[in-house]
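Novice: Take a look at entry_24.cif, mmCIF, C-alpha atoms:
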data_work
loop_
_atom_site.label_atom_id
_atom_site.label_comp_id
_atom_site.auth_asym_id
_atom_site.auth_seq_id
_atom_site.Cartn_x
_atom_site.Cartn_y
_atom_site.Cartn_z
CA MET W 24 115.49 -65.44 2.22
CA ASN W 25 112.63 -66.89 0.24
CA CYS W 26 111.17 -70.31 0.73
CA LYS W 27 108.58 -71.99 -1.39
CA SER W 28 107.02 -75.24 -0.23
CA ILE W 29 104.55 -76.79 -2.61
CA ILE W 30 102.31 -79.75 -3.12
CA ALA W 31 101.95 -79.78 -6.88
CA PRO W 32 98.57 -80.62 -8.42
CA ALA W 33 98.23 -83.67 -10.57
CA ILE W 34 98.99 -83.10 -14.23
CA LEU W 35 97.78 -85.41 -16.95
CA GLY W 36 100.55 -87.58 -18.45
CA LEU W 37 101.69 -86.82 -21.94
CA SER W 38 99.43 -88.28 -24.60
CA LEU W 39 102.17 -88.33 -27.21
CA LEU W 40 104.72 -91.11 -27.16
CA PHE W 41 108.23 -90.05 -27.99
CA GLY W 42 110.94 -92.32 -29.36
CA CYS W 43 114.21 -92.76 -27.54
CA ALA W 44 116.49 -89.89 -28.48
CA SER W 45 120.22 -89.51 -28.15
CA GLN W 46 122.36 -86.42 -28.11
CA THR W 47 124.14 -87.39 -31.28
CA ASP W 48 124.22 -90.12 -33.89
CA GLU W 49 127.99 -90.04 -33.90
CA ALA W 50 130.07 -92.75 -32.26
CA PRO W 51 130.87 -92.18 -28.57
CA ARG W 52 133.36 -89.34 -28.24
CA ILE W 53 136.67 -90.23 -26.68
CA GLN W 54 139.29 -88.35 -24.76
CA GLU W 55 142.96 -89.23 -25.17
CA VAL W 56 145.17 -89.16 -22.11
CA THR W 57 148.89 -89.63 -22.69
CA THR W 58 151.36 -90.66 -20.02
CA VAL W 59 155.13 -90.71 -20.52
CA SER W 60 157.63 -92.68 -18.47
CA SER W 61 161.43 -92.81 -18.87
CA GLN W 62 163.92 -95.42 -17.83
CA ALA W 63 167.72 -94.89 -17.99
CA THR W 64 170.17 -97.78 -18.17
CA THR W 65 173.93 -98.27 -18.02
CA ALA W 66 176.14 -100.71 -19.87
CA GLY W 67 175.27 -104.32 -19.36
CA THR W 68 171.73 -103.65 -18.02
CA THR W 69 168.91 -105.63 -19.59
CA ILE W 70 165.84 -103.67 -20.75
CA THR W 71 162.83 -105.83 -21.56
CA THR W 72 165.12 -108.76 -22.36
CA VAL W 73 167.37 -106.69 -24.67
CA THR W 74 170.97 -106.26 -23.45
CA THR W 75 172.64 -102.98 -24.38
CA THR W 76 176.22 -101.80 -24.21
CA THR W 77 175.48 -98.09 -24.38
CA THR W 78 173.61 -95.68 -22.14
CA GLU W 79 170.14 -94.95 -23.52
CA THR W 80 166.75 -93.63 -22.51
CA THR W 81 163.61 -95.55 -23.37
CA THR W 82 160.42 -93.52 -23.66
CA THR W 83 157.11 -95.35 -23.52
CA THR W 84 153.93 -93.62 -24.61
CA THR W 85 150.63 -95.11 -23.51
CA THR W 86 147.37 -93.83 -24.93
CA VAL W 87 144.25 -94.41 -22.83
CA LEU W 88 140.95 -93.96 -24.65
CA LEU W 89 138.09 -92.78 -22.48
CA ALA W 90 134.66 -93.09 -24.03
CA CYS W 91 131.44 -91.28 -23.19
CA ASN W 92 129.55 -92.90 -20.34
CA PRO W 93 125.94 -93.28 -21.57
CA LEU W 94 124.53 -92.79 -18.06
CA THR W 95 126.41 -89.56 -17.28
CA GLY W 96 127.46 -88.04 -20.59
CA THR W 97 131.01 -87.71 -19.25
CA LYS W 98 134.17 -89.11 -20.85
CA THR W 99 134.89 -91.59 -18.09
CA MET W 100 133.95 -94.93 -19.66
CA ASN W 101 136.46 -97.74 -20.00
CA PRO W 102 136.54 -98.46 -23.75
CA ASP W 103 136.07 -102.16 -23.04
CA ALA W 104 132.70 -101.37 -21.43
CA VAL W 105 131.27 -99.43 -24.37
CA GLY W 106 128.08 -101.11 -25.56
CA LYS W 107 127.80 -103.28 -22.47
CA ARG W 108 124.62 -103.47 -20.43
CA PRO W 109 124.33 -101.55 -17.16
CA VAL W 110 123.61 -103.20 -13.82
CA ALA W 111 120.85 -102.00 -11.48
CA VAL W 112 121.25 -102.90 -7.80
CA MET W 113 118.60 -102.69 -5.07
CA VAL W 114 119.96 -100.93 -1.97
CA ASN W 115 118.50 -100.77 1.52
CA ASN W 116 117.73 -97.22 2.68
CA ILE W 117 116.03 -97.71 6.02
CA ASN W 118 117.69 -95.69 8.80
CA VAL W 119 118.80 -98.68 10.87
CA SER W 120 120.72 -100.12 7.89
CA LEU W 121 122.91 -97.06 7.34
CA PRO W 122 125.53 -96.37 6.24
CA GLN W 123 125.56 -98.10 2.89
CA TYR W 124 128.70 -98.66 0.87
CA GLY W 125 129.47 -98.87 -2.84
CA ILE W 126 126.76 -96.39 -3.79
CA SER W 127 128.98 -93.35 -4.35
CA ALA W 128 130.32 -95.16 -7.44
CA ALA W 129 126.86 -95.38 -9.05
CA ASP W 130 126.16 -93.29 -12.15
CA ILE W 131 122.42 -92.89 -11.48
CA ILE W 132 120.52 -93.42 -8.23
CA TYR W 133 116.75 -93.82 -8.11
CA GLU W 134 114.86 -93.32 -4.86
CA MET W 135 111.24 -94.40 -4.50
CA PRO W 136 108.83 -95.10 -1.66
CA VAL W 137 108.11 -98.57 -0.41
CA GLU W 138 105.91 -99.68 2.48
CA GLY W 139 105.74 -97.93 5.84
CA GLY W 140 106.82 -94.52 4.59
CA ILE W 141 110.43 -95.62 3.98
CA THR W 142 112.28 -95.41 0.69
CA ARG W 143 114.54 -97.76 -1.25
CA LEU W 144 117.35 -97.02 -3.70
CA MET W 145 118.27 -98.53 -7.02
CA ALA W 146 121.90 -97.79 -7.90
CA VAL W 147 122.74 -98.08 -11.60
CA TYR W 148 126.28 -98.66 -12.87
CA ALA W 149 127.16 -98.27 -16.55
CA ASP W 150 130.18 -100.60 -16.41
CA TYR W 151 129.35 -103.93 -14.80
CA SER W 152 133.05 -104.82 -14.67
CA ALA W 153 133.74 -101.88 -12.34
CA VAL W 154 131.01 -102.28 -9.70
CA PRO W 155 132.41 -102.30 -6.15
CA GLN W 156 131.05 -104.27 -3.24
CA VAL W 157 127.60 -102.83 -2.48
CA CYS W 158 125.80 -103.11 0.87
CA SER W 159 123.18 -103.61 2.04
CA ILE W 160 121.12 -105.29 -0.68
CA ARG W 161 117.35 -105.50 -0.36
CA SER W 162 114.35 -106.96 -2.08
CA CYS W 163 112.45 -106.17 -5.24
CA ARG W 164 109.28 -104.11 -5.56
CA PHE W 165 107.52 -104.30 -8.90
CA TYR W 166 108.26 -100.79 -10.22
CA PHE W 167 112.06 -101.06 -9.85
CA PRO W 168 112.57 -103.85 -12.44
CA LEU W 169 110.32 -101.95 -14.85
CA ILE W 170 112.73 -99.02 -14.71
CA ALA W 171 115.71 -101.38 -15.02
CA LEU W 172 114.07 -103.00 -18.06
CA GLY W 173 113.74 -99.57 -19.67
CA MET W 174 117.52 -99.20 -19.35
CA ASP W 175 118.24 -102.76 -20.57
CA ALA W 176 119.96 -103.35 -17.23
CA ILE W 177 120.70 -106.63 -15.49
CA TYR W 178 118.72 -106.42 -12.24
CA CYS W 179 120.24 -107.41 -8.88
CA HIS W 180 118.22 -107.82 -5.67
CA TRP W 181 117.99 -109.99 -2.57
CA GLY W 182 114.43 -111.22 -2.13
CA ILE W 183 111.19 -110.28 -3.81
CA ASP W 184 107.58 -109.50 -3.00
CA ARG W 185 105.94 -112.83 -3.86
CA THR W 186 102.83 -111.26 -5.36
CA ILE W 187 102.93 -108.41 -7.87
CA ALA W 188 106.73 -108.09 -8.01
CA LEU W 189 107.29 -111.78 -8.73
CA GLU W 190 104.56 -111.71 -11.36
CA THR W 191 106.12 -108.63 -12.95
CA VAL W 192 109.65 -110.07 -13.11
CA ASN W 193 108.35 -113.30 -14.66
CA ARG W 194 106.09 -111.51 -17.13
CA ILE W 195 108.66 -109.04 -18.46
CA GLY W 196 111.42 -111.64 -18.57
CA ILE W 197 114.13 -109.37 -17.19
CA GLU W 198 117.47 -111.06 -16.54
CA HIS W 199 118.00 -110.79 -12.81
CA MET W 200 120.03 -112.29 -9.95
CA ASP W 201 118.40 -112.83 -6.55
CA GLY W 202 120.60 -113.11 -3.48
CA GLY W 203 118.52 -116.07 -2.36
CA SER W 204 119.64 -118.03 -5.42
CA TYR W 205 123.14 -116.62 -5.82
CA TYR W 206 124.27 -116.63 -2.19
CA GLY W 207 127.89 -117.69 -2.01
CA ARG W 208 128.47 -116.85 -5.68
CA LEU W 209 127.63 -113.16 -5.91
CA TYR W 210 125.97 -112.26 -2.60
CA PHE W 211 127.48 -112.65 0.86
CA ARG W 212 127.08 -111.52 4.47
CA ASP W 213 129.31 -108.74 5.77
CA GLU W 214 131.00 -110.34 8.77
CA GLU W 215 131.82 -106.96 10.29
CA ARG W 216 128.10 -106.13 10.37
CA MET W 217 127.01 -109.46 11.80
CA GLY W 218 125.97 -109.03 15.40
CA HIS W 219 125.65 -105.26 15.05
CA TYR W 220 122.86 -105.11 12.46
CA ALA W 221 119.76 -107.19 11.89
CA ILE W 222 120.55 -110.01 9.46
CA GLU W 223 118.59 -108.39 6.61
CA HIS W 224 120.91 -105.39 6.74
CA THR W 225 124.14 -107.37 6.33
CA GLY W 226 123.86 -108.70 2.78
CA TYR W 227 126.23 -107.35 0.13
CA LEU W 228 126.82 -107.83 -3.57
CA ASP W 229 130.43 -108.61 -4.46
CA GLY W 230 130.64 -106.40 -7.55
CA PRO W 231 134.01 -107.64 -8.85
CA ARG W 232 132.42 -111.07 -9.34
CA LEU W 233 129.73 -109.74 -11.68
CA PRO W 234 131.50 -110.34 -15.02
CA GLU W 235 132.19 -113.98 -14.18
CA VAL W 236 128.70 -114.66 -12.85
CA ILE W 237 127.00 -112.88 -15.76
CA GLU W 238 128.99 -115.06 -18.17
CA GLN W 239 128.19 -118.22 -16.21
CA CYS W 240 124.49 -117.37 -16.32
CA GLY W 241 124.60 -116.92 -20.08
CA PHE W 242 123.12 -113.44 -19.81
CA ARG W 243 123.41 -111.14 -22.78
CA SER W 244 126.28 -108.72 -22.13
CA GLU W 245 125.69 -106.23 -24.96
CA ARG W 246 122.94 -103.61 -24.92
CA ASN W 247 120.16 -104.46 -27.35
CA GLU W 248 119.40 -102.44 -30.46
CA ALA W 249 116.58 -100.48 -28.82
CA HIS W 250 118.83 -99.19 -26.02
CA GLN W 251 121.90 -97.86 -27.80
CA SER W 252 121.22 -94.23 -26.90
CA SER W 253 122.38 -92.44 -23.78
CA ALA W 254 120.14 -92.39 -20.72
CA PHE W 255 119.29 -88.72 -21.32
CA ARG W 256 120.15 -86.05 -23.85
CA PHE W 257 123.33 -84.61 -22.41
CA LEU W 258 124.94 -81.25 -23.05
CA GLU W 259 128.67 -81.00 -23.65
CA GLU W 260 130.78 -81.54 -20.54
CA ASP W 261 132.00 -77.95 -20.52
CA SER W 262 128.46 -76.59 -20.67
CA ALA W 263 126.98 -75.07 -17.53
CA TYR W 264 123.26 -74.87 -18.17
CA VAL W 265 121.31 -73.21 -15.37
CA PRO W 266 117.55 -73.89 -15.38
CA GLY W 267 115.99 -70.44 -15.31
CA GLU W 268 112.57 -70.77 -13.70
CA ALA W 269 113.86 -70.18 -10.17
CA LYS W 270 117.06 -70.00 -8.17
CA VAL W 271 117.32 -73.16 -6.08
CA LEU W 272 120.29 -73.73 -3.81
CA GLU W 273 118.50 -76.31 -1.71
CA THR W 274 115.56 -78.63 -2.27
CA THR W 275 113.87 -81.30 -0.18
CA LEU W 276 111.70 -84.22 -1.28
CA HIS W 277 109.32 -85.18 1.54
CA PHE W 278 108.62 -88.88 0.96
CA SER W 279 107.05 -89.15 4.41
CA GLY W 280 107.30 -87.58 7.83
CA GLY W 281 110.37 -89.63 8.71
CA TYR W 282 112.02 -89.94 5.30
CA TYR W 283 113.09 -86.97 3.25
CA SER W 284 115.98 -86.26 0.91
CA THR W 285 117.64 -82.84 0.85
CA PHE W 286 120.05 -81.57 -1.81
CA THR W 287 122.29 -78.59 -1.07
CA PHE W 288 124.25 -76.83 -3.80
CA ASP W 289 128.01 -76.89 -3.31
CA GLU W 290 129.71 -73.95 -5.02
CA GLU W 291 133.11 -75.63 -5.19
CA SER W 292 131.99 -78.78 -6.99
CA GLN W 293 128.96 -77.18 -8.66
CA CYS W 294 126.97 -80.25 -7.58
CA TYR W 295 124.24 -80.98 -5.04
CA LEU W 296 125.22 -82.83 -1.86
CA LYS W 297 122.59 -85.25 -0.57
CA GLN W 298 121.29 -85.55 2.96
CA HIS W 299 119.26 -88.48 4.23
CA SER W 300 116.53 -87.23 6.57
CA GLY W 301 118.66 -84.38 7.88
CA LYS W 302 122.08 -86.06 7.96
CA PRO W 303 124.80 -86.21 5.27
CA HIS W 304 124.21 -89.26 3.07
CA THR W 305 127.70 -90.76 3.05
CA ASP W 306 129.22 -93.91 1.57
CA GLN W 307 130.83 -95.87 4.42
CA ARG W 308 133.86 -97.01 2.43
CA SER W 309 134.62 -94.09 0.14
CA GLN W 310 133.66 -91.62 2.90
CA GLN W 311 132.13 -89.47 0.16
CA GLN W 312 128.84 -87.68 0.60
CA LEU W 313 126.57 -88.52 -2.31
CA SER W 314 126.88 -85.79 -4.93
CA PHE W 315 124.86 -85.16 -8.08
CA LYS W 316 125.09 -82.76 -10.99
CA ASN W 317 121.42 -83.32 -11.79
CA VAL W 318 118.44 -83.73 -9.48
CA LEU W 319 115.29 -84.95 -11.23
CA ILE W 320 112.12 -84.83 -9.15
CA LEU W 321 109.36 -86.86 -10.80
CA GLN W 322 105.79 -86.74 -9.51
CA SER W 323 103.43 -89.63 -10.05
CA ASP W 324 100.44 -91.53 -8.73
CA VAL W 325 101.64 -93.16 -5.49
CA HIS W 326 99.20 -94.92 -3.18
CA PRO W 327 98.82 -98.10 -1.08
CA LEU W 328 97.83 -101.16 -3.10
CA ASP W 329 95.36 -102.29 -0.46
CA GLU W 330 94.03 -101.46 3.00
CA SER W 331 96.96 -103.17 4.70
CA ASN W 332 99.30 -100.42 3.45
CA TYR W 333 101.97 -103.11 3.08
CA LEU W 334 102.70 -102.60 -0.60
CA VAL W 335 102.78 -99.34 -2.53
CA TYR W 336 101.76 -98.60 -6.09
CA VAL W 337 104.08 -96.23 -7.99
CA GLY W 338 102.82 -95.21 -11.40
CA LEU W 339 105.40 -95.06 -14.18
CA GLU W 340 103.23 -93.77 -17.01
CA GLY W 341 104.50 -90.22 -16.60
CA GLY W 342 103.62 -86.93 -14.99
CA SER W 343 105.05 -83.59 -13.96
CA GLY W 344 108.20 -82.72 -12.07
CA TYR W 345 111.25 -80.49 -11.73
CA TYR W 346 114.83 -80.39 -12.97
CA VAL W 347 117.40 -78.91 -10.56
CA SER W 348 121.00 -78.22 -11.58
CA ASN W 349 123.72 -75.57 -11.21
CA GLY W 350 121.67 -73.55 -8.74
CA GLY W 351 118.52 -73.31 -10.86
CA MET W 352 115.21 -75.12 -11.34
CA GLN W 353 112.63 -75.57 -14.08
CA SER W 354 109.36 -77.44 -14.43
CA ILE W 355 109.38 -80.57 -16.55
CA ARG W 356 107.15 -83.37 -17.71
CA TRP W 357 108.20 -86.97 -17.97
CA VAL W 358 106.97 -90.09 -19.70
CA LYS W 359 107.81 -93.78 -19.89
CA PRO W 360 106.14 -94.76 -23.16
CA SER W 361 106.21 -98.52 -22.55
CA GLU W 362 107.49 -101.06 -20.05
CA ASP W 363 110.72 -101.60 -21.96
CA ALA W 364 111.28 -97.91 -22.79
CA PRO W 365 113.45 -95.55 -20.71
CA ILE W 366 112.13 -92.53 -18.85
CA GLN W 367 112.26 -89.40 -20.99
CA ILE W 368 112.27 -85.80 -19.78
CA PHE W 369 110.60 -82.84 -21.55
CA ASP W 370 110.43 -79.12 -20.95
CA ALA W 371 107.24 -77.08 -20.69
CA ASP W 372 107.06 -76.87 -24.49
CA ALA W 373 107.16 -80.68 -24.84
CA GLN W 374 110.70 -80.56 -26.24
CA GLU W 375 113.07 -83.22 -24.97
CA LEU W 376 115.25 -81.63 -22.34
CA PHE W 377 119.04 -81.50 -22.60
CA ILE W 378 120.58 -81.89 -19.16
CA ASN W 379 124.07 -81.27 -17.82
CA ALA W 380 126.65 -84.04 -18.05
CA GLY W 381 127.26 -85.73 -14.71
CA LYS W 382 125.70 -88.06 -12.17
CA THR W 383 121.93 -87.94 -11.73
CA TYR W 384 119.60 -88.52 -8.80
CA ILE W 385 116.00 -89.40 -9.69
CA GLY W 386 113.37 -89.28 -6.97
CA ILE W 387 109.82 -90.42 -7.71
CA LEU W 388 107.15 -89.43 -5.20
CA GLY W 389 103.41 -88.87 -5.07
CA TYR W 390 101.64 -85.65 -5.98
CA GLN W 391 100.41 -85.48 -2.40
CA HIS W 392 103.95 -85.21 -1.03
CA ALA W 393 105.56 -81.81 -0.54
CA ILE W 394 108.65 -80.57 -2.33
CA SER W 395 110.48 -77.59 -0.83
CA PHE W 396 112.66 -75.19 -2.81
CA TYR W 397 114.94 -72.58 -1.24
CA ASP W 398 116.93 -69.80 -2.84
CA SER W 399 119.49 -69.95 -0.02
CA ILE W 400 121.12 -72.77 1.88
CA GLN W 401 119.19 -73.74 5.00
CA ASN W 402 121.52 -76.35 6.50
CA SER W 403 125.06 -74.98 6.51
#
Can I see the file as structure tokens?

Specialist:
Amino acid sequence: MNCKSIIAPAILGLSLLFGCASQTDEAPRIQEVTTVSSQATTAGTTITTVTTTTTETTTTTTTVLLACNPLTGTKTMNPDAVGKRPVAVMVNNINVSLPQYGISAADIIYEMPVEGGITRLMAVYADYSAVPQVCSIRSCRFYFPLIALGMDAIYCHWGIDRTIALETVNRIGIEHMDGGSYYGRLYFRDEERMGHYAIEHTGYLDGPRLPEVIEQCGFRSERNEAHQSSAFRFLEEDSAYVPGEAKVLETTLHFSGGYYSTFTFDEESQCYLKQHSGKPHTDQRSQQQLSFKNVLILQSDVHPLDESNYLVYVGLEGGSGYYVSNGGMQSIRWVKPSEDAPIQIFDADAQELFINAGKTYIGILGYQHAISFYDSIQNS
């Protein structure tokens, strides 16, 4: 059994700026699913308001068109949601707030450090009409809306750092909904949690209300021209690319001594199951452990903003990192060319990386924090 634990050295960010690339210029591919139902009648029975006097069988064929989800590269998108903007939701990740719910439905989950060594999640959903109730919702830190802006996402949070985060949201002009302003319309308190959790861990976003509230707010619902491409360059769904630099069946991101995320390869699903600081990271309502086809580990400049250690700076200019999928790992470099541009991933030869279709976890942590890779499963 081999184990490699590393603290990677800082690597200069890419000096070249790359345009947003998509896997193909063709229209989103669709998958047709046909269902057939039969209904037999006897004389005198009315079928859809038509009365018959003979025995007959009516066959109804329904064709459901499933489009390519731009956040996963899988043919799972409701055709009515094609071209719509995603929604990015801030989710509490402190131990005493667990378990969360609604997050297993997310297409992409970002995890980044905030103050005190803890982390916070941003769950991104491609179809804002299909977001479930999500709990518990937490406040904004300045680097999260910058990532949401790069995806042209509507940003949802409950509260905000009144200094750099508030300035950032106002400066970039991102369309966002704060639980403090939308309480009773989109955000509520989970009555079952009241009295068992601190009040800040009880707030939830009522996802099914999003379409109505977005329309009431007059927010743009369609993705803008600069964000028509998929989130990453995806391989075909039936591809099974294995990064070849090293065999990795388990990896751990050490955000701090008390907060670390472990991903263990599951042979049956061919995905990585997430653990939160040594315990399965499970959605309370779906009862599903978080599972990802792709694990992107992005290293960056992370440090306290001041001596108080209250707020953390997370650099988004770019840096080095690792791509883990299908039991393998390879080194990568990443770049976010501008505030309104998405994160892009490149291989060691500076070629944009094609990744496997499926859900993606993206963890951003400092160069000073360890990342462990194992070629066998440690926590069975």

Novice: Rank W:Phe167, W:Tyr148, W:Tyr206, W:Tyr397 by their smallest atom-to-atom distance to Ala254 of chain W, using all atoms listed in the file, and report the top residue only.

Specialist: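 Closest candidate: W:Tyr148.
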
Novice: Which residues, written as a ChimeraX atom specification, have at least one atom at most 7 Å from Leu144 of chain W, with all atoms listed in the file counted and residues fewer than 4 positions away on the same chain left out?

Specialist: /W:113-116,132-135

Novice: Which residues are near segment 372-389 of chain W? Cut-off 8 Å, only C-alpha atoms, ignore same chain within fewer than 4 positions. Put them as number ranges by chain.

Specialist: W: 94-97, 130-136, 255-260, 262-264, 276, 278, 314-326, 337, 348, 356, 367-368

Novice: For those residues, write C-alpha atoms to a file as an mmCIF file, in the coordinates of the input.

Specialist:
data_model
loop_
_atom_site.group_PDB
_atom_site.id
_atom_site.type_symbol
_atom_site.label_atom_id
_atom_site.label_comp_id
_atom_site.auth_asym_id
_atom_site.auth_seq_id
_atom_site.Cartn_x
_atom_site.Cartn_y
_atom_site.Cartn_z
ATOM 1 C CA LEU W 94 124.530 -92.790 -18.060
ATOM 2 C CA THR W 95 126.410 -89.560 -17.280
ATOM 3 C CA GLY W 96 127.460 -88.040 -20.590
ATOM 4 C CA THR W 97 131.010 -87.710 -19.250
ATOM 5 C CA ASP W 130 126.160 -93.290 -12.150
ATOM 6 C CA ILE W 131 122.420 -92.890 -11.480
ATOM 7 C CA ILE W 132 120.520 -93.420 -8.230
ATOM 8 C CA TYR W 133 116.750 -93.820 -8.110
ATOM 9 C CA GLU W 134 114.860 -93.320 -4.860
ATOM 10 C CA MET W 135 111.240 -94.400 -4.500
ATOM 11 C CA PRO W 136 108.830 -95.100 -1.660
ATOM 12 C CA PHE W 255 119.290 -88.720 -21.320
ATOM 13 C CA ARG W 256 120.150 -86.050 -23.850
ATOM 14 C CA PHE W 257 123.330 -84.610 -22.410
ATOM 15 C CA LEU W 258 124.940 -81.250 -23.050
ATOM 16 C CA GLU W 259 128.670 -81.000 -23.650
ATOM 17 C CA GLU W 260 130.780 -81.540 -20.540
ATOM 18 C CA SER W 262 128.460 -76.590 -20.670
ATOM 19 C CA ALA W 263 126.980 -75.070 -17.530
ATOM 20 C CA TYR W 264 123.260 -74.870 -18.170
ATOM 21 C CA LEU W 276 111.700 -84.220 -1.280
ATOM 22 C CA PHE W 278 108.620 -88.880 0.960
ATOM 23 C CA SER W 314 126.880 -85.790 -4.930
ATOM 24 C CA PHE W 315 124.860 -85.160 -8.080
ATOM 25 C CA LYS W 316 125.090 -82.760 -10.990
ATOM 26 C CA ASN W 317 121.420 -83.320 -11.790
ATOM 27 C CA VAL W 318 118.440 -83.730 -9.480
ATOM 28 C CA LEU W 319 115.290 -84.950 -11.230
ATOM 29 C CA ILE W 320 112.120 -84.830 -9.150
ATOM 30 C CA LEU W 321 109.360 -86.860 -10.800
ATOM 31 C CA GLN W 322 105.790 -86.740 -9.510
ATOM 32 C CA SER W 323 103.430 -89.630 -10.050
ATOM 33 C CA ASP W 324 100.440 -91.530 -8.730
ATOM 34 C CA VAL W 325 101.640 -93.160 -5.490
ATOM 35 C CA HIS W 326 99.200 -94.920 -3.180
ATOM 36 C CA VAL W 337 104.080 -96.230 -7.990
ATOM 37 C CA SER W 348 121.000 -78.220 -11.580
ATOM 38 C CA ARG W 356 107.150 -83.370 -17.710
ATOM 39 C CA GLN W 367 112.260 -89.400 -20.990
ATOM 40 C CA ILE W 368 112.270 -85.800 -19.780
#

Novice: Step by step, work through what the PyMOL selection byres ((chain W and resi 173-177) around 8) selects in the shown file, and finish by giving those residues as a list of chain:residue names.

Specialist: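 Selection result, ordered by chain and number: W:Arg108, W:Pro109, W:Val110, W:Ala111, W:Leu169, W:Ile170, W:Ala171, W:Leu172, W:Tyr178, W:Cys179, W:Ile197, W:Glu198, W:His199, W:Met200, W:Arg246, W:Asn247, W:His250, W:Ala254, W:Glu362, W:Asp363, W:Ala364, W:Pro365, W:Ile366.
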
Novice: Just how far from atom CA of Leu189 of chain W is atom CA of Pro155 of chain W, in Å to one decimal?

Specialist: 27.0 Å

Novice: When you count all atoms listed in the file, which of these residues is closest to Arg161 of chain W: W:Ala221, W:Ile400, W:Ala104, W:Val112?

Specialist: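 Nearest to Arg161 of chain W: W:Val112.
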
Novice: Taking the file above as input, evaluate the PyMOL selection byres ((chain W and resi 118) around 12) and report the hits as a list in words.

Specialist: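 Applying the expression gives Asn115, Asn116, Ile117, Val119, Ser120, Leu121, Pro122, Gln123, Gly140, Ile141, Thr142, Arg143, Ser159, Tyr220, His224, Gly281, Tyr282, Tyr283, His299, Ser300, Gly301, Lys302 and His304 of chain W.
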
Novice: Would you mind telling me which residue in W:Ala128, W:Ile237, W:Ile394, W:Val137 lies nearest to Lys107 of chain W when using all atoms listed in the file?

Specialist: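 Residue with the minimum atom-to-atom distance to Lys107 of chain W: W:Ile237.
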
Novice: How many Å lie between atom CA of Ile195 of chain W and atom CA of Gly230 of chain W, rounded to one decimal?

Specialist: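 These atoms are spaced 24.7 Å apart.
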
Novice: For a test of reading the model, state the distance in Å between atom CA of Val105 of chain W and atom CA of Glu248 of chain W, rounded to one decimal.

Specialist: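 Atom CA of Glu248 of chain W lies 13.7 Å from atom CA of Val105 of chain W.
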
Novice: Output the residue selection produced by the PyMOL selection byres ((chain W and resi 267) around 12) on the file above, formatted as a PyMOL selection string.

Specialist: chain W and resi 264-266+268-271+345-354+370

Novice: List as a ChimeraX atom specification the protein and nucleic acid residues near Tyr227 of chain W, meaning an atom at most 9 Å away when only C-alpha atoms are counted, but skip any in the same chain fewer than 6 places from it.

Specialist: /W:156-160,202,209-213

Novice: Go through W:Phe242, W:Phe165, W:Phe396, W:Tyr390 one by one, measure the shortest atom-to-atom distance of each to Ile183 of chain W using all atoms listed in the file, and give the residue with the smallest value.

Specialist: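 Of W:Phe242, W:Phe165, W:Phe396, W:Tyr390, the one nearest Ile183 of chain W, counting all atoms listed in the file, is W:Phe165.
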
Novice: Quick one: residues within 9 Å of Arg232 of chain W, only C-alpha atoms counted, chain neighbours fewer than 6 positions away excluded, as a list of chain:residue names?

Specialist: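 Result of the neighbour search: W:Ser152, W:Val154, W:Arg208, W:Leu209.
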
Novice: Please list, as a count of residues only, the residues that have an atom at most 12 Å away from (137.2, -104.3, 7.4) in the coordinates of this file, counting all atoms listed in the file.

Specialist: 6

Novice: Pull the neighbourhood of (129.5, -70.5, -6.0) for me: all residues within 12 Å in file coordinates, counting all atoms listed in the file, as a PyMOL selection string.

Specialist: chain W and resi 272+287-295+349-350+399-400

Novice: Centre and edge lengths of an axis-aligned box around all listed atoms of segment 342-358 of chain W, with 5 Å added on each side, are to be given in Å to one decimal, as AutoDock Vina command-line options.

Specialist:
--center_x 113.7 --center_y -81.7 --center_z -14.2 --size_x 30.1 --size_y 26.8 --size_z 21.0

Novice: Using the partial input, fill out segment 162-167 of chain W with N, CA, C and O atoms; write the result as an mmCIF file, in the frame of the given file.

Specialist:
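Below is the file that was written, selection-v9.cif:
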data_model
loop_
_atom_site.group_PDB
_atom_site.id
_atom_site.type_symbol
_atom_site.label_atom_id
_atom_site.label_comp_id
_atom_site.auth_asym_id
_atom_site.auth_seq_id
_atom_site.Cartn_x
_atom_site.Cartn_y
_atom_site.Cartn_z
ATOM 1 N N SER W 162 115.231 -106.213 -1.190
ATOM 2 C CA SER W 162 114.350 -106.960 -2.080
ATOM 3 C C SER W 162 113.669 -106.090 -3.130
ATOM 4 O O SER W 162 113.683 -104.867 -3.071
ATOM 5 N N CYS W 163 113.081 -106.776 -4.070
ATOM 6 C CA CYS W 163 112.450 -106.170 -5.240
ATOM 7 C C CYS W 163 111.022 -105.726 -4.943
ATOM 8 O O CYS W 163 110.268 -106.431 -4.272
ATOM 9 N N ARG W 164 110.663 -104.550 -5.452
ATOM 10 C CA ARG W 164 109.280 -104.110 -5.560
ATOM 11 C C ARG W 164 109.000 -103.885 -7.036
ATOM 12 O O ARG W 164 109.897 -103.490 -7.787
ATOM 13 N N PHE W 165 107.796 -104.088 -7.489
ATOM 14 C CA PHE W 165 107.520 -104.300 -8.900
ATOM 15 C C PHE W 165 107.937 -103.168 -9.823
ATOM 16 O O PHE W 165 108.256 -103.388 -10.992
ATOM 17 N N TYR W 166 107.963 -101.919 -9.345
ATOM 18 C CA TYR W 166 108.260 -100.790 -10.220
ATOM 19 C C TYR W 166 109.756 -100.639 -10.499
ATOM 20 O O TYR W 166 110.145 -100.056 -11.501
ATOM 21 N N PHE W 167 110.612 -101.174 -9.627
ATOM 22 C CA PHE W 167 112.060 -101.060 -9.850
ATOM 23 C C PHE W 167 112.515 -101.867 -11.087
ATOM 24 O O PHE W 167 113.253 -101.335 -11.917
#
